[in-house]
Amino acid sequence: MTTGALAERIPGDATAAKFAGTAGIAAAVLGYWLTLPPVTLTSHAVPVVFAVAAAACGAYAIVNGHRRLGWGAVAAAILTLALGLLAEQAGRGNLHTAVVWGPLVASMFVYATPLTYAAMGGLYSERSGVVNIGLEGMMLTGAFFGIWGAVQTGSWVLGLLIAMASGGVLAFIYAVFAIHLRSDQIVGGTAINFLALGITGYLFIDIYGSNGTPGMNNAEQIPNLSISSSNSFFGQGFGDLNLLVWVSFALLILTYLFVFRTPFGLRLRAVGEHPRAADTVGISVFKVRYAAVTFSGMLSAMGGAFLSIGFVHSFNQNMTEGRGFIALAALIFGKWRPGGAFAAALLFGFSSALAQRLAAIPNWATYAVLFQALPYVLTLVAVAGVIGRSIPPAADGQPYQKQ
């Protein structure tokens, strides 16, 4: 008898295993938090004790059938041990300089915002049954045409709309090949990425040359919403965030309501799960998929536009640097649900923000680079299904042929 079957037969053990896995993850997080400001316990015994406790809880959960929580606790224990010992080496003074929670949270939202837009876009596409590997190219297209449109028109609103239109056009081209021509969606999405890289690179050199994009004035930049100027945690973390950061919060809520609480969302999910059945009851599979893929391109382009006219205020070739793929990994991490994808985007954003802050510590440039690589490592973990297996919509990636 397998451990999973045994856990199903003994509800008490299954409940205890679930609690142990959750407690292990909580213990690992608490152990690492105690080594950081404002507590800053510098003894190496702290991360060791909490890591051992988390690993023991994880092992118990694995043995009793809760493998996802169990392996999550073990992975968290390893991270707590490594990061806690690194925090000890950094020293109390350096940690208080680098780890300031208010600015760190604000940076986390900034780095997570483009991932959130692309992940929400990918959710619409994949819930309809189309794998959108081209999120990266659509983000890059939005980044270029967003700043080009803002500079040409003198308005960030028009620049954002132009960016969304460019992403929608590119997504529609991809949809034609993926839906009507029934081409391989992985190959088609990869081709879209190379197409976007070539188009934006050529136009960037042709229009701006070696001088780069011109400086943007305030009218061409997406503004920040200043709601607090205090030095409190709330003021530093939420007091001066970009407008598109707040819009991404609203997008998260609206996406959940649309996909899971409206008849249109039900049709979207029906097409992604059982397209033949949806077609039988009168739902147009092609129309739903075309709309979903095109909208996914528009949302991804918003993430790219945030980078160019909301964050960096310039454009560089290939400036998205793989964020579209990280957004796709966030979607897989989140099991194709808005809340889970947003939480994964925050995790990736936090690692990037922390890497930026750690670079300020003397002789810690190497460790900062490791944190910058963390999102890509987590991407590999997500697509490999190392910690639990995420099950996509049943018809995801399967072209539909009407009979």
# chains A, B, ... in the order shown; residues from 1 in each chain; ligands from 1

call {"tool": "closest_atom_pairs", "arguments": {"of": "region 317-345 of chain A", "to": "region 105-110 of chain A", "cutoff": "12 Å", "atoms": "only C-alpha atoms", "output": "JSON lines"}}
result
{"residue": "A:Phe342", "atom": "CA", "partner": "A:Phe109", "partner_atom": "CA", "distance": 10.5}
{"residue": "A:Ala343", "atom": "CA", "partner": "A:Phe109", "partner_atom": "CA", "distance": 11.0}
{"residue": "A:Ala344", "atom": "CA", "partner": "A:Met108", "partner_atom": "CA", "distance": 11.7}
{"residue": "A:Ala345", "atom": "CA", "partner": "A:Phe109", "partner_atom": "CA", "distance": 9.0}

call {"tool": "residues_around", "arguments": {"residues": "Met319 (chain A)", "least_positions_apart": "3", "cutoff": "8 Å", "atoms": "only C-alpha atoms", "output": "number ranges by chain"}}
result
A: 140, 315-316

call {"tool": "select_by_dssp", "arguments": {"residues": "region 61-297 of chain A", "states": "strand (DSSP E)", "output": "PyMOL selection string"}}
result
chain A and resi 224-226+240-242

call {"tool": "closest_residue", "arguments": {"among": "A:Phe172, A:Phe306, A:Phe333, A:Tyr117", "to": "Leu252 (chain A)", "atoms": "only C-alpha atoms"}}
result
A:Tyr117

call {"tool": "closest_residue", "arguments": {"among": "A:Ile207, A:Ile78, A:Leu251, A:Val176", "to": "Ile192 (chain A)", "atoms": "only C-alpha atoms"}}
result
A:Val176

call {"tool": "closest_residue", "arguments": {"among": "A:Ser226, A:Gln356, A:Ser351, A:Thr40", "to": "Leu374 (chain A)", "atoms": "only C-alpha atoms"}}
result
A:Ser351

call {"tool": "closest_atom_pairs", "arguments": {"of": "region 78-138 of chain A", "to": "region 278-301 of chain A", "cutoff": "8 Å", "atoms": "only C-alpha atoms", "output": "Markdown table"}}
result
| residue | atom | partner | partner_atom | distance |
| --- | --- | --- | --- | --- |
| A:Pro114 | CA | A:Ser300 | CA | 7.7 |
| A:Tyr117 | CA | A:Leu299 | CA | 5.5 |
| A:Ala118 | CA | A:Ser300 | CA | 4.1 |
| A:Ala119 | CA | A:Ser300 | CA | 7.7 |
| A:Met120 | CA | A:Leu299 | CA | 7.2 |
| A:Gly121 | CA | A:Ser296 | CA | 3.7 |
| A:Gly122 | CA | A:Ser296 | CA | 5.8 |
| A:Leu123 | CA | A:Ser296 | CA | 7.7 |
| A:Tyr124 | CA | A:Ala292 | CA | 5.4 |
| A:Ser125 | CA | A:Val293 | CA | 4.8 |
| A:Ser128 | CA | A:Arg289 | CA | 5.5 |
| A:Gly129 | CA | A:Arg289 | CA | 7.3 |
| A:Val130 | CA | A:Arg289 | CA | 7.2 |
| A:Asn132 | CA | A:Val293 | CA | 7.6 |
| A:Leu135 | CA | A:Ser300 | CA | 6.2 |
| A:Glu136 | CA | A:Ser300 | CA | 7.9 |
| A:Met138 | CA | A:Ala301 | CA | 5.5 |

call {"tool": "select_by_dssp", "arguments": {"residues": "region 112-283 of chain A", "states": "alpha helix (DSSP H)", "output": "VMD selection string"}}
result
chain A and resid 112 to 127 135 to 153 156 to 175 185 to 208 233 to 238 243 to 261 263 to 273 275 to 280

call {"tool": "closest_residue", "arguments": {"among": "A:Leu195, A:Leu104, A:Ala82, A:Ala329", "to": "Phe233 (chain A)", "atoms": "only C-alpha atoms"}}
result
A:Leu104

call {"tool": "atom_distance", "arguments": {"atom1": "CA of Gly146 (chain A)", "atom2": "CA of Ala171 (chain A)"}}
result
16.1 Å

call {"tool": "closest_residue", "arguments": {"among": "A:Thr200, A:Pro37, A:Trp336, A:Gly134", "to": "Ile186 (chain A)", "atoms": "only C-alpha atoms"}}
result
A:Gly134

call {"tool": "closest_residue", "arguments": {"among": "A:Val74, A:Val100, A:Val245, A:Leu41", "to": "Asn231 (chain A)", "atoms": "only C-alpha atoms"}}
result
A:Val100

call {"tool": "residues_around", "arguments": {"residues": "Asn218 (chain A)", "least_positions_apart": "5", "cutoff": "10 Å", "atoms": "only C-alpha atoms", "output": "MDAnalysis selection string"}}
result
chainID A and resid 154:156 223

call {"tool": "atom_distance", "arguments": {"atom1": "CA of Ile25 (chain A)", "atom2": "CA of Val46 (chain A)"}}
result
15.4 Å
